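Structure, as structure tokens:
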Amino acid sequence: MSVAKLKYALPACVAIAIFICITAFDGKDPEVHFVRPDGWPKPVYNFKHNPLTDDGFKLGRKLFFDPILSRDGSTSCASCHTQWSGFTHVDHSLSHGINGLKGKRNSLALFNLAWNTSFMWDGGINNLEVQPLGPITNPVEMDNTLENVVHKLDTSHAYRLRFYKAFGDSIITGQRVLKALAQFTVMFESFNSKYDKYMRHEPGGELTAQELSGLNIFRQQCATCHPEPLFTDYSFRNIGLPVDTGLNDIGRMKITGNPADSLKFKVPSLRNITASYPYMHDGRFHTLRQVLDHYTGGVVNSPTTDPKVRQPMPLTDQDKQDLIAFLQTLTDKEFLYDLRFRDYRD
Amino acid sequence: MKYFKAIGCIIWLLCWLQPALAKGHDVTIVVTPAFNGEPLILDSGRYVTPHGDKISISLFKCYITKIALFGAEGVTGSFSSSDRLVDAGDPSTDTIILHNVPDDNYHTLAFVLGVDSIENTNGANDGDLDPAKGMYWAWNSGYIMAKIEGNSAVCPTLHHAFEFHIGGYQSPYDAAQLINIKLPVPVKPTSNIIINITADVAAWFTDNLDLAKTNSIVTPGKEASDMADRYRNMFGVVHLIQQ
């Protein structure tokens, strides 16, 4: 090849490389591809109203980690929702928000939110997009208003630029704050635990005899309320926890006003359960063993106690050990340590 | 690529010309908050309820959404982009313009007083339905469809205040009200007529409402939907004004 030809080869290669880069990335980012795993139901969340984009996701991530959402700039979403615990407040039975004030309920883990039919322990919130309004306006969490959040963000040039990138202009509205947060949180997908790999017959999914025994017991005793693959049926049930007279939390009845809903709370997913202790709506149990002991001997029967738990569960000590071994296979480290959900100071 | 550009130019041109090409005219609706027929003056302390309670009103807001006009040809379709939060404290909110209304003789104006169940459940909305407008419940999702606040010496509450924040979209306590207003004479969009409707908030205090007993409704439920059944009668008076 002559030198003259080589002269053109380098710019040509550079041009081709640039072209490939542009077409490969073309405004879309591989970070934000929502996946519906095989065999899972159709997501409830309406993505058509909020198409996911790289810039929308990143704006949501910025907002999630930014205490600017709270009245005094002290508390962010991440304060009570840390990634390595499945986005809950690990080791806190009740979370503390602004001024160290304590809430009434254990913070919920956040993942697979696209399938949630309602939000919060009492199901009072009806759509992922409006869920952040709960903590933002709660006097013991962030004690703020969405109007004030919009106002504060609007004074930030950096945020106006982020909204411009995400939504095509720099106007900051309540709707856009909420849609951006939804773009981030709806991406918290957990479907790569050892159990999932077992179900998909993938390497790393080899369950031990004890774990398999636990899975069998689980399917007999627990799966009515915690059905696979999401490990919740999103219903509200009273599982017979003795009422904490300090909190006097009536649960779902606060939303519906219906006495039949007294002491009922949302059935939580059991995915990542070992990472997201403590357990129950008020975080009263610190170990899975305590939870199982409740079902075999702690249930208090009242008019709304669920029929499924009225009789003590017939679990031997060995059954409980096997069940716990199985529940540990629901921990999804790929999700818990997914770099996309870290706090980037970008 | 050249063709793409050319097609783009044509589309852009069509978009630009669209308002000029579109058929129909604008129809203007003005909502006038009032008390017993007189324009409402906030914090004036001059009103008396049917029960005989002297009151001052400090705030009145309500949603008017899904506006539709009925003519000889039937309904024109709704003008959802005109969803409006009317605020007695902000006169700029009282005028609603419906664009590109087809020619017809319209005899009835219809709208939802409040926000329908779809808008209550489909996530974060924009414009006047943006939750940042402060007409949204965070702990039990849904819009506050109408809100009135004030005080009266008879209220045994802090600052003698009363507050009615009315909402709830779930049956049987759906607070959204479908309002049909018969126009005095049929209106043609070409005739440059303003439809002036009065929102007479005295309706909130009818059925002999006793503020000493009922002075705070701030959650969805039976009390809220009963109040919505009262205040749906706010729109008794309609004037047509020639521009």
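Order determines the names: the first chain of the structure tokens is A, the second B, and so forth; residues in each chain are numbered 1 upward, and ligands are numbered 1 upward as they are shown.
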Find the residues of chain A that sit at most 8 Å from chain B; for each, write down the nearest two atoms and how far apart they are in Å, to one decimal. Count only C-alpha atoms. Sort by chain, then by number going up, and give it as CSV.
```
residue,atom,partner,partner_atom,distance
A:Gly124,CA,B:Asn140,CA,4.4
A:Ile125,CA,B:Ser141,CA,4.8
A:Asn126,CA,B:Ser141,CA,5.9
A:Asn127,CA,B:Gly123,CA,5.4
A:Leu128,CA,B:Gly123,CA,7.0
A:Glu129,CA,B:Gly123,CA,5.0
A:Val130,CA,B:Gly123,CA,5.8
A:Gln131,CA,B:Ala138,CA,7.6
A:Leu133,CA,B:Ala138,CA,5.1
A:Gly134,CA,B:Ala138,CA,4.8
A:Thr137,CA,B:Ala138,CA,7.0
A:Thr145,CA,B:Ala132,CA,7.5
A:Leu146,CA,B:Ala132,CA,4.9
A:Glu147,CA,B:Ala132,CA,4.5
A:Val150,CA,B:Ala132,CA,7.7
A:Thr173,CA,B:Ala132,CA,7.5
A:Gly174,CA,B:Ala132,CA,5.0
A:Gln175,CA,B:Ala124,CA,5.1
A:Leu178,CA,B:Ala124,CA,6.5
A:Lys179,CA,B:Ala124,CA,6.8
A:Ile255,CA,B:Asn140,CA,6.4
A:Gly257,CA,B:Gly221,CA,7.9
```
Among listed residues B:Asn196, B:Ser225, B:Pro102, B:Tyr231, nearest Pro172 (chain B) (using only C-alpha atoms): B:Ser225
Exercise: Glu223 (chain B) partners within 10 Å, only C-alpha atoms, chain neighbours under 3 positions left out, as JSON, numbers by chain: {"B": [164, 166, 173, 175, 214, 216, 217, 218, 219, 220, 226, 227, 228, 229]}
Separation of CA of Asp72 (chain A) from CA of Arg160 (chain A), in Å and rounded to one decimal: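 Separation between CA of Asp72 (chain A) and CA of Arg160 (chain A): 20.8 Å.
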Residue contacts of Val187 (chain B) (10 Å, only C-alpha atoms) excluding same-chain residues fewer than 5 positions away, as a PDB file with N, CA and C atoms, in the first residue's frame:
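Saved to part_14.pdb:
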```
ATOM      1  N   VAL B  27     -64.010  29.844  21.903  1.00  0.00           N
ATOM      2  CA  VAL B  27     -65.113  30.150  22.801  1.00  0.00           C
ATOM      3  C   VAL B  27     -64.512  30.455  24.167  1.00  0.00           C
ATOM      4  N   LEU B  69     -68.986  21.017  24.884  1.00  0.00           N
ATOM      5  CA  LEU B  69     -70.148  21.798  24.439  1.00  0.00           C
ATOM      6  C   LEU B  69     -71.088  20.871  23.677  1.00  0.00           C
ATOM      7  N   GLY B  71     -74.204  20.775  20.991  1.00  0.00           N
ATOM      8  CA  GLY B  71     -74.910  21.581  20.015  1.00  0.00           C
ATOM      9  C   GLY B  71     -75.954  20.749  19.289  1.00  0.00           C
ATOM     10  N   ASP B 103     -68.214  25.093  14.119  1.00  0.00           N
ATOM     11  CA  ASP B 103     -69.454  25.870  14.035  1.00  0.00           C
ATOM     12  C   ASP B 103     -70.659  25.023  14.410  1.00  0.00           C
ATOM     13  N   ASP B 104     -71.507  25.569  15.242  1.00  0.00           N
ATOM     14  CA  ASP B 104     -72.733  24.877  15.641  1.00  0.00           C
ATOM     15  C   ASP B 104     -73.514  25.854  16.513  1.00  0.00           C
ATOM     16  N   ASN B 105     -74.729  25.479  16.849  1.00  0.00           N
ATOM     17  CA  ASN B 105     -75.502  26.228  17.836  1.00  0.00           C
ATOM     18  C   ASN B 105     -75.441  25.471  19.142  1.00  0.00           C
ATOM     19  N   TYR B 106     -74.664  25.960  20.089  1.00  0.00           N
ATOM     20  CA  TYR B 106     -74.449  25.214  21.328  1.00  0.00           C
ATOM     21  C   TYR B 106     -75.467  25.624  22.387  1.00  0.00           C
ATOM     22  N   HIS B 107     -76.145  24.611  22.912  1.00  0.00           N
ATOM     23  CA  HIS B 107     -77.178  24.916  23.902  1.00  0.00           C
ATOM     24  C   HIS B 107     -76.765  24.547  25.321  1.00  0.00           C
ATOM     25  N   THR B 108     -75.722  23.701  25.448  1.00  0.00           N
ATOM     26  CA  THR B 108     -75.348  23.234  26.787  1.00  0.00           C
ATOM     27  C   THR B 108     -73.826  23.227  26.943  1.00  0.00           C
ATOM     28  N   ASN B 192     -68.620  35.657  18.890  1.00  0.00           N
ATOM     29  CA  ASN B 192     -67.796  36.372  19.874  1.00  0.00           C
ATOM     30  C   ASN B 192     -68.515  36.597  21.196  1.00  0.00           C
ATOM     31  N   ILE B 193     -69.126  35.564  21.689  1.00  0.00           N
ATOM     32  CA  ILE B 193     -69.830  35.682  22.959  1.00  0.00           C
ATOM     33  C   ILE B 193     -69.016  35.039  24.066  1.00  0.00           C
ATOM     34  N   ILE B 194     -68.977  35.715  25.217  1.00  0.00           N
ATOM     35  CA  ILE B 194     -68.326  35.140  26.397  1.00  0.00           C
ATOM     36  C   ILE B 194     -69.403  34.479  27.245  1.00  0.00           C
ATOM     37  N   ILE B 195     -69.152  33.223  27.632  1.00  0.00           N
ATOM     38  CA  ILE B 195     -70.077  32.538  28.538  1.00  0.00           C
ATOM     39  C   ILE B 195     -69.572  32.772  29.953  1.00  0.00           C
ATOM     40  N   LEU B 240     -74.557  35.594  29.138  1.00  0.00           N
ATOM     41  CA  LEU B 240     -73.817  35.651  27.877  1.00  0.00           C
ATOM     42  C   LEU B 240     -73.453  37.093  27.633  1.00  0.00           C
TER      43      LEU B 240
END
```
Spatial neighbours of region 279-294 of chain A, max dist 9 Å, only C-alpha atoms, sep filter under 6 positions, as a list of chain:residue names: A:Asp91, A:His92, A:Ser93, A:Leu94, A:Lys104, A:Arg105, A:Asn106, A:Ser107, A:Leu108, A:Trp121, A:Gly240, A:Leu241, A:Asp244, A:Leu247, A:Gly251, A:Phe265, A:Lys266, A:Pro268, A:Ile273, A:Pro312, A:Met313, A:Leu315, A:Lys320, A:Gln321, A:Leu323, A:Ile324, A:Leu327
In region 66-310 of chain A, DSSP alpha helix (DSSP H) residues written as a ChimeraX atom specification: /A:77-80,133-137,146-154,157-167,174-185,194-199,209-221,253-256,288-297,307-310
Residue among B:Ser44, B:Ser82, B:Gly236, B:Asn180 lying closest to Leu59 (chain B), counting only C-alpha atoms: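 Counting only C-alpha atoms, the residue closest to Leu59 (chain B) is B:Ser44.
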Coordinates-based distance that separates CA of Ile57 (chain B) from CA of Phe35 (chain B) (Å, one decimal):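 Computing it gives 9.7 Å between the two atoms.
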Write out as a PDB file with N, CA, C and O atoms, in the first residue's frame each polymer residue whose atoms come within 10 Å of region 202-211 of chain B, counting only C-alpha atoms; drop sequence neighbours fewer than 6 positions from it.
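Saved to result-v2.pdb:
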```
ATOM      1  N   ALA B  34     -68.568  33.781  43.541  1.00  0.00           N
ATOM      2  CA  ALA B  34     -69.547  34.707  44.123  1.00  0.00           C
ATOM      3  C   ALA B  34     -70.048  34.154  45.448  1.00  0.00           C
ATOM      4  O   ALA B  34     -69.815  32.977  45.792  1.00  0.00           O
ATOM      5  N   PHE B  35     -70.725  35.003  46.194  1.00  0.00           N
ATOM      6  CA  PHE B  35     -71.452  34.542  47.378  1.00  0.00           C
ATOM      7  C   PHE B  35     -72.812  35.200  47.339  1.00  0.00           C
ATOM      8  O   PHE B  35     -72.918  36.427  47.319  1.00  0.00           O
ATOM      9  N   ASN B  36     -73.861  34.411  47.304  1.00  0.00           N
ATOM     10  CA  ASN B  36     -75.230  34.908  47.177  1.00  0.00           C
ATOM     11  C   ASN B  36     -75.376  35.927  46.057  1.00  0.00           C
ATOM     12  O   ASN B  36     -75.986  36.977  46.219  1.00  0.00           O
ATOM     13  N   GLY B  37     -74.760  35.631  44.932  1.00  0.00           N
ATOM     14  CA  GLY B  37     -74.945  36.460  43.750  1.00  0.00           C
ATOM     15  C   GLY B  37     -73.975  37.623  43.632  1.00  0.00           C
ATOM     16  O   GLY B  37     -73.826  38.186  42.550  1.00  0.00           O
ATOM     17  N   LEU B  40     -67.403  37.281  44.874  1.00  0.00           N
ATOM     18  CA  LEU B  40     -66.776  36.879  46.143  1.00  0.00           C
ATOM     19  C   LEU B  40     -65.583  37.781  46.464  1.00  0.00           C
ATOM     20  O   LEU B  40     -64.703  37.981  45.630  1.00  0.00           O
ATOM     21  N   TYR B  47     -70.165  37.651  55.041  1.00  0.00           N
ATOM     22  CA  TYR B  47     -71.166  36.705  54.566  1.00  0.00           C
ATOM     23  C   TYR B  47     -71.877  35.977  55.704  1.00  0.00           C
ATOM     24  O   TYR B  47     -71.313  35.775  56.783  1.00  0.00           O
ATOM     25  N   VAL B  48     -73.127  35.615  55.436  1.00  0.00           N
ATOM     26  CA  VAL B  48     -73.925  34.872  56.408  1.00  0.00           C
ATOM     27  C   VAL B  48     -74.446  33.618  55.712  1.00  0.00           C
ATOM     28  O   VAL B  48     -74.991  33.698  54.605  1.00  0.00           O
ATOM     29  N   THR B  49     -74.257  32.469  56.357  1.00  0.00           N
ATOM     30  CA  THR B  49     -74.701  31.211  55.753  1.00  0.00           C
ATOM     31  C   THR B  49     -76.197  31.028  55.987  1.00  0.00           C
ATOM     32  O   THR B  49     -76.784  31.697  56.855  1.00  0.00           O
ATOM     33  N   PRO B  50     -76.831  30.106  55.250  1.00  0.00           N
ATOM     34  CA  PRO B  50     -78.259  29.848  55.472  1.00  0.00           C
ATOM     35  C   PRO B  50     -78.561  29.471  56.920  1.00  0.00           C
ATOM     36  O   PRO B  50     -79.643  29.749  57.426  1.00  0.00           O
ATOM     37  N   HIS B  51     -77.582  28.840  57.596  1.00  0.00           N
ATOM     38  CA  HIS B  51     -77.779  28.466  59.000  1.00  0.00           C
ATOM     39  C   HIS B  51     -77.717  29.688  59.916  1.00  0.00           C
ATOM     40  O   HIS B  51     -78.098  29.631  61.089  1.00  0.00           O
ATOM     41  N   GLY B  52     -77.212  30.829  59.375  1.00  0.00           N
ATOM     42  CA  GLY B  52     -77.124  32.046  60.172  1.00  0.00           C
ATOM     43  C   GLY B  52     -75.733  32.303  60.740  1.00  0.00           C
ATOM     44  O   GLY B  52     -75.545  33.203  61.560  1.00  0.00           O
ATOM     45  N   ASP B  53     -74.723  31.499  60.295  1.00  0.00           N
ATOM     46  CA  ASP B  53     -73.359  31.703  60.787  1.00  0.00           C
ATOM     47  C   ASP B  53     -72.683  32.820  59.985  1.00  0.00           C
ATOM     48  O   ASP B  53     -72.682  32.799  58.755  1.00  0.00           O
ATOM     49  N   LYS B  54     -72.094  33.769  60.704  1.00  0.00           N
ATOM     50  CA  LYS B  54     -71.316  34.824  60.022  1.00  0.00           C
ATOM     51  C   LYS B  54     -69.958  34.254  59.656  1.00  0.00           C
ATOM     52  O   LYS B  54     -69.270  33.697  60.520  1.00  0.00           O
ATOM     53  N   ILE B  55     -69.573  34.402  58.421  1.00  0.00           N
ATOM     54  CA  ILE B  55     -68.297  33.801  58.000  1.00  0.00           C
ATOM     55  C   ILE B  55     -67.456  34.768  57.179  1.00  0.00           C
ATOM     56  O   ILE B  55     -67.962  35.744  56.601  1.00  0.00           O
ATOM     57  N   ILE B 148     -62.378  25.003  50.161  1.00  0.00           N
ATOM     58  CA  ILE B 148     -62.785  26.314  50.669  1.00  0.00           C
ATOM     59  C   ILE B 148     -62.318  26.411  52.114  1.00  0.00           C
ATOM     60  O   ILE B 148     -62.378  25.437  52.866  1.00  0.00           O
ATOM     61  N   ASN B 151     -63.154  31.387  58.244  1.00  0.00           N
ATOM     62  CA  ASN B 151     -63.393  31.276  59.682  1.00  0.00           C
ATOM     63  C   ASN B 151     -64.738  31.865  60.049  1.00  0.00           C
ATOM     64  O   ASN B 151     -65.340  32.639  59.299  1.00  0.00           O
ATOM     65  N   SER B 152     -65.202  31.419  61.219  1.00  0.00           N
ATOM     66  CA  SER B 152     -66.475  31.881  61.743  1.00  0.00           C
ATOM     67  C   SER B 152     -66.396  31.757  63.262  1.00  0.00           C
ATOM     68  O   SER B 152     -65.829  30.776  63.780  1.00  0.00           O
ATOM     69  N   ALA B 153     -66.943  32.744  63.941  1.00  0.00           N
ATOM     70  CA  ALA B 153     -66.867  32.734  65.406  1.00  0.00           C
ATOM     71  C   ALA B 153     -67.492  31.466  65.996  1.00  0.00           C
ATOM     72  O   ALA B 153     -67.133  31.045  67.097  1.00  0.00           O
ATOM     73  N   VAL B 154     -68.410  30.837  65.252  1.00  0.00           N
ATOM     74  CA  VAL B 154     -69.081  29.654  65.806  1.00  0.00           C
ATOM     75  C   VAL B 154     -68.205  28.400  65.775  1.00  0.00           C
ATOM     76  O   VAL B 154     -68.530  27.399  66.415  1.00  0.00           O
ATOM     77  N   CYS B 155     -67.096  28.428  65.014  1.00  0.00           N
ATOM     78  CA  CYS B 155     -66.263  27.219  64.903  1.00  0.00           C
ATOM     79  C   CYS B 155     -65.395  27.062  66.152  1.00  0.00           C
ATOM     80  O   CYS B 155     -64.582  27.943  66.451  1.00  0.00           O
ATOM     81  N   PRO B 156     -65.539  25.955  66.876  1.00  0.00           N
ATOM     82  CA  PRO B 156     -64.734  25.740  68.083  1.00  0.00           C
ATOM     83  C   PRO B 156     -63.356  25.174  67.735  1.00  0.00           C
ATOM     84  O   PRO B 156     -62.928  24.162  68.293  1.00  0.00           O
ATOM     85  N   HIS B 160     -60.767  29.703  64.986  1.00  0.00           N
ATOM     86  CA  HIS B 160     -62.167  29.584  64.537  1.00  0.00           C
ATOM     87  C   HIS B 160     -62.254  29.243  63.059  1.00  0.00           C
ATOM     88  O   HIS B 160     -63.142  29.695  62.334  1.00  0.00           O
ATOM     89  N   ALA B 161     -61.293  28.443  62.621  1.00  0.00           N
ATOM     90  CA  ALA B 161     -61.211  28.175  61.173  1.00  0.00           C
ATOM     91  C   ALA B 161     -62.104  27.008  60.759  1.00  0.00           C
ATOM     92  O   ALA B 161     -62.337  26.086  61.527  1.00  0.00           O
ATOM     93  N   PHE B 162     -62.627  27.094  59.546  1.00  0.00           N
ATOM     94  CA  PHE B 162     -63.228  25.919  58.917  1.00  0.00           C
ATOM     95  C   PHE B 162     -62.454  25.617  57.648  1.00  0.00           C
ATOM     96  O   PHE B 162     -61.873  26.516  57.029  1.00  0.00           O
ATOM     97  N   PHE B 164     -62.711  22.861  54.207  1.00  0.00           N
ATOM     98  CA  PHE B 164     -63.309  21.742  53.484  1.00  0.00           C
ATOM     99  C   PHE B 164     -62.447  21.457  52.255  1.00  0.00           C
ATOM    100  O   PHE B 164     -62.428  22.265  51.319  1.00  0.00           O
ATOM    101  N   MET B 227     -70.631  16.703  50.737  1.00  0.00           N
ATOM    102  CA  MET B 227     -70.335  18.111  50.502  1.00  0.00           C
ATOM    103  C   MET B 227     -70.300  18.409  49.000  1.00  0.00           C
ATOM    104  O   MET B 227     -70.789  19.447  48.542  1.00  0.00           O
ATOM    105  N   ALA B 228     -69.744  17.470  48.227  1.00  0.00           N
ATOM    106  CA  ALA B 228     -69.700  17.668  46.774  1.00  0.00           C
ATOM    107  C   ALA B 228     -71.122  17.716  46.201  1.00  0.00           C
ATOM    108  O   ALA B 228     -71.397  18.459  45.254  1.00  0.00           O
ATOM    109  N   ASP B 229     -72.027  16.929  46.783  1.00  0.00           N
ATOM    110  CA  ASP B 229     -73.426  16.965  46.330  1.00  0.00           C
ATOM    111  C   ASP B 229     -74.056  18.333  46.614  1.00  0.00           C
ATOM    112  O   ASP B 229     -74.936  18.782  45.877  1.00  0.00           O
ATOM    113  N   ARG B 230     -73.587  18.969  47.699  1.00  0.00           N
ATOM    114  CA  ARG B 230     -74.076  20.329  47.990  1.00  0.00           C
ATOM    115  C   ARG B 230     -73.524  21.331  46.977  1.00  0.00           C
ATOM    116  O   ARG B 230     -74.249  22.063  46.335  1.00  0.00           O
ATOM    117  N   TYR B 231     -72.194  21.327  46.871  1.00  0.00           N
ATOM    118  CA  TYR B 231     -71.594  22.434  46.114  1.00  0.00           C
ATOM    119  C   TYR B 231     -71.742  22.282  44.603  1.00  0.00           C
ATOM    120  O   TYR B 231     -71.419  23.204  43.863  1.00  0.00           O
ATOM    121  N   ARG B 232     -72.265  21.149  44.156  1.00  0.00           N
ATOM    122  CA  ARG B 232     -72.461  21.002  42.710  1.00  0.00           C
ATOM    123  C   ARG B 232     -73.502  22.007  42.204  1.00  0.00           C
ATOM    124  O   ARG B 232     -73.589  22.278  41.013  1.00  0.00           O
ATOM    125  N   ASN B 233     -74.262  22.587  43.129  1.00  0.00           N
ATOM    126  CA  ASN B 233     -75.278  23.579  42.739  1.00  0.00           C
ATOM    127  C   ASN B 233     -74.720  24.998  42.661  1.00  0.00           C
ATOM    128  O   ASN B 233     -75.470  25.953  42.653  1.00  0.00           O
ATOM    129  N   MET B 234     -73.400  25.127  42.649  1.00  0.00           N
ATOM    130  CA  MET B 234     -72.789  26.459  42.590  1.00  0.00           C
ATOM    131  C   MET B 234     -73.112  27.226  41.312  1.00  0.00           C
ATOM    132  O   MET B 234     -73.087  28.437  41.285  1.00  0.00           O
ATOM    133  N   PHE B 235     -73.390  26.458  40.238  1.00  0.00           N
ATOM    134  CA  PHE B 235     -73.400  27.110  38.922  1.00  0.00           C
ATOM    135  C   PHE B 235     -74.802  27.397  38.411  1.00  0.00           C
ATOM    136  O   PHE B 235     -75.185  26.955  37.337  1.00  0.00           O
ATOM    137  N   GLY B 236     -75.600  28.105  39.191  1.00  0.00           N
ATOM    138  CA  GLY B 236     -76.978  28.362  38.802  1.00  0.00           C
ATOM    139  C   GLY B 236     -77.134  29.499  37.799  1.00  0.00           C
ATOM    140  O   GLY B 236     -78.062  29.519  37.005  1.00  0.00           O
TER     141      GLY B 236
END
```
Expected answer as number ranges by chain: strand (DSSP E) residues in region 34-184 of chain B: B: 34-35, 38-39, 47-48, 54-71, 74-79, 84-87, 95-101, 106-113, 136-137, 142-151, 161-167, 177-184
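Neighbours of Ile172 (chain A) closer than or equal to 10 Å, with only C-alpha atoms counted and sequence neighbours fewer than 5 positions away skipped, come out as Val149, Val150, His151, Lys152, Leu153, Asp154, Tyr159, Arg160, Arg162, Phe163, Tyr164, Phe167 and Val177 of chain A.
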Write the residues you've just listed into a file as a PDB file, in the first residue's frame, and include C-alpha atoms for each of them.
```
ATOM      1  CA  VAL A 149     -38.959  21.429  45.661  1.00  0.00           C
ATOM      2  CA  VAL A 150     -39.677  22.825  42.180  1.00  0.00           C
ATOM      3  CA  HIS A 151     -38.814  26.316  43.400  1.00  0.00           C
ATOM      4  CA  LYS A 152     -35.505  25.190  44.947  1.00  0.00           C
ATOM      5  CA  LEU A 153     -34.485  23.174  41.876  1.00  0.00           C
ATOM      6  CA  ASP A 154     -35.352  26.119  39.661  1.00  0.00           C
ATOM      7  CA  TYR A 159     -30.594  21.227  37.536  1.00  0.00           C
ATOM      8  CA  ARG A 160     -32.141  23.368  34.795  1.00  0.00           C
ATOM      9  CA  ARG A 162     -30.463  18.386  33.569  1.00  0.00           C
ATOM     10  CA  PHE A 163     -34.178  19.038  32.992  1.00  0.00           C
ATOM     11  CA  TYR A 164     -33.331  20.444  29.576  1.00  0.00           C
ATOM     12  CA  PHE A 167     -37.336  16.804  28.847  1.00  0.00           C
ATOM     13  CA  VAL A 177     -39.591  15.888  39.068  1.00  0.00           C
TER      14      VAL A 177
END
```
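Between CA of Ser262 (chain A) and CA of Lys147 (chain B) lies a distance of 29.2 Å.
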